[in-house]
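Asks: Submitted below is the structure of interest, expressed as structure tokens.
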Amino acid sequence: MSGIFVTFEGIEACGKSTQLNMLANWLRGSGQDVIVTREPGGTNLGENIRNLLLNGSKDDIFSIRAEILLFEASRAQHVDEKILPAIKSGKIVLCDRFFDSTVVYQGVARAIDPKTVQFLNEFAISGCIPHMTVLPNISVAESFRRIARKDSSRDRIEQEDESFFEKIRDGYLKLAKESARFFTVDGIDDAETIHGKIRNEFTKRFFKS
């Protein structure tokens with residue numbers, strides 16, 4: 001079987017990371033060779049950029065142009081060093097966020113020109129398009145409730161206000177309506193129910209003849 005690239009997207013605390021790991025465990029239990037990675041991050045350079053972008057106060061000054069370029073720098077290294085080689089070797093790559101995050105976080109919420117976002121994304125990914133994107137959908141109110149229950153402090157993005165995340169959620173739902181690549185699932189269901197839906201969709205798309 002040729003390589004498969006699946007991304008997980010969504011607003012903060014939607015459950016995407018949990019679902020990614022559950023799918024990875026199921027696939028590995030089925031004998032598949034799976035790579036789990038994330039953005040920003042996934043490489044030494046990417047993790048250093050992640051620390052710059054997330055581990056600080058929202059009062060830390062990033063111009064919106066600097067922010068998007070840091071995300072894209074992490075992504076370009078990630079694609080070249082990790083994602084494309086794994087896909088070419090026939091592995092299944094599961095990634096926590098990818099270029100759709102930039103479309104909605106920087107393009108929609110930060111209001112960067114969509115053509116600029118598209119150009120930078122295309123340059124960074126070098127033709128590497130996910131075969132499937134999973135979108136656990138929850139309300140912004142639910143996202144805030146879950147973030148409030150976290151033991152750790154909020155990262156720089158999580159400190160944004162409710163209107164910011166309404167834009168993010170709307171942006172994701174718009175993308176999902178426009179592309180069959182997306183699989184949207186109700187993120188309010190319990191984790192096992194959501195996992196079952198994702199697992200069934202994955203099987204339908206990639207394992208059934």
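Each chain in the structure tokens gets a letter, A, B, ..., in the order shown, and its residues are numbered from 1; ligands are numbered from 1 in order too.
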Tell me which protein, DNA and RNA residues are within 8 Å of stretch 104-118 of chain A, counting only C-alpha atoms, leaving out same-chain ones fewer than 6 positions away, and put them as a count of residues only.
Replies: 8
Asks: Which residues of stretch 24-135 of chain A come within 7 Å of stretch 5-18 of chain A, and what is each one's closest atom pair and distance in Å (one decimal), counting only C-alpha atoms, sorted by chain and residue number, as CSV?
Replies:
residue,atom,partner,partner_atom,distance
A:Ile87,CA,A:Phe5,CA,6.9
A:Ile92,CA,A:Phe5,CA,5.9
A:Val93,CA,A:Phe5,CA,4.8
A:Leu94,CA,A:Val6,CA,5.0
A:Cys95,CA,A:Thr7,CA,4.7
A:Asp96,CA,A:Phe8,CA,5.1
A:Arg97,CA,A:Glu9,CA,5.2
A:Phe98,CA,A:Thr7,CA,6.5
A:Ser101,CA,A:Glu9,CA,6.9
A:Pro130,CA,A:Phe5,CA,5.0
A:His131,CA,A:Phe5,CA,5.4
A:Met132,CA,A:Val6,CA,4.9
A:Thr133,CA,A:Thr7,CA,4.7
A:Val134,CA,A:Phe8,CA,4.8
A:Leu135,CA,A:Glu9,CA,5.2
Asks: So which residues of stretch 59-180 of chain A fall under strand (DSSP E or B) by DSSP, listed as a ChimeraX atom specification?
Replies: /A:92-96,132-137
Asks: Show which residues sit within 12 Å of A:Trp26, as a list in words. Count only C-alpha atoms, and ignore same-chain residues fewer than 4 positions away.
Replies: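 So the residues in contact are Gln19, Leu20, Asn21, Met22, Ser30, Gly31, Gln32, Asp33, Val34, Glu192, His195, Gly196, Ile198, Arg199, Asn200, Phe202 and Thr203 of chain A.
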Asks: For those residues, write N, CA, C and O atoms to a file as a compact mmCIF listing (two decimals), in the first residue's frame.
Replies:
# COMPACT_ATOMS: atom_id res chain seq x y z
N GLN A 19 -7.99 11.96 19.35
CA GLN A 19 -8.45 11.11 18.26
C GLN A 19 -7.31 10.67 17.35
O GLN A 19 -7.30 9.54 16.85
N LEU A 20 -6.35 11.53 17.14
CA LEU A 20 -5.18 11.16 16.35
C LEU A 20 -4.47 9.98 17.00
O LEU A 20 -4.12 8.99 16.33
N ASN A 21 -4.24 10.06 18.29
CA ASN A 21 -3.53 8.99 18.99
C ASN A 21 -4.34 7.70 19.04
O ASN A 21 -3.77 6.60 18.95
N MET A 22 -5.65 7.82 19.17
CA MET A 22 -6.49 6.61 19.16
C MET A 22 -6.44 5.93 17.79
O MET A 22 -6.36 4.70 17.70
N SER A 30 -3.24 -2.98 13.91
CA SER A 30 -3.59 -3.69 12.68
C SER A 30 -2.36 -3.98 11.83
O SER A 30 -2.49 -4.46 10.69
N GLY A 31 -1.18 -3.66 12.36
CA GLY A 31 0.06 -3.97 11.65
C GLY A 31 0.55 -2.89 10.71
O GLY A 31 1.47 -3.14 9.92
N GLN A 32 -0.01 -1.70 10.80
CA GLN A 32 0.40 -0.62 9.91
C GLN A 32 1.60 0.14 10.49
O GLN A 32 1.78 0.24 11.70
N ASP A 33 2.40 0.68 9.58
CA ASP A 33 3.56 1.49 9.96
C ASP A 33 3.11 2.95 10.02
O ASP A 33 2.80 3.54 8.99
N VAL A 34 3.05 3.51 11.22
CA VAL A 34 2.43 4.81 11.43
C VAL A 34 3.43 5.81 12.00
O VAL A 34 4.18 5.49 12.93
N GLU A 192 -14.69 7.27 22.49
CA GLU A 192 -14.77 5.98 21.79
C GLU A 192 -15.75 6.04 20.62
O GLU A 192 -15.50 5.45 19.56
N HIS A 195 -14.03 7.97 17.88
CA HIS A 195 -12.99 7.12 17.29
C HIS A 195 -13.60 6.09 16.34
O HIS A 195 -13.07 5.85 15.25
N GLY A 196 -14.72 5.50 16.74
CA GLY A 196 -15.37 4.52 15.88
C GLY A 196 -15.79 5.11 14.55
O GLY A 196 -15.63 4.49 13.49
N ILE A 198 -14.41 7.77 13.07
CA ILE A 198 -13.20 8.08 12.29
C ILE A 198 -12.60 6.80 11.72
O ILE A 198 -12.20 6.76 10.55
N ARG A 199 -12.55 5.76 12.53
CA ARG A 199 -12.00 4.49 12.09
C ARG A 199 -12.81 3.93 10.91
O ARG A 199 -12.23 3.44 9.92
N ASN A 200 -14.14 4.02 10.99
CA ASN A 200 -14.97 3.53 9.89
C ASN A 200 -14.75 4.33 8.62
O ASN A 200 -14.70 3.76 7.52
N PHE A 202 -12.03 6.03 7.82
CA PHE A 202 -10.69 5.71 7.34
C PHE A 202 -10.70 4.39 6.56
O PHE A 202 -10.13 4.29 5.48
N THR A 203 -11.36 3.40 7.13
CA THR A 203 -11.45 2.09 6.47
C THR A 203 -12.15 2.21 5.12
O THR A 203 -11.70 1.63 4.12
Asks: Could you check which of A:Val36, A:Arg156, A:Leu23, A:Gly3 is closest to A:Glu67, using only C-alpha atoms?
Replies: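 Counting only C-alpha atoms, the residue closest to A:Glu67 is A:Arg156.
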Asks: Pick out the closest residue to A:Pro85 from this set: A:Phe183, A:Glu166, A:Cys128, A:Ile194. Count only C-alpha atoms.
Replies: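 Ranked by minimum distance to A:Pro85, first place goes to A:Cys128.
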Asks: Report, in Å with one decimal, the straight-line distance from atom CA of A:Asp186 to atom CA of A:Asn137.
Replies: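 Here the two named atoms are 5.2 Å from each other.
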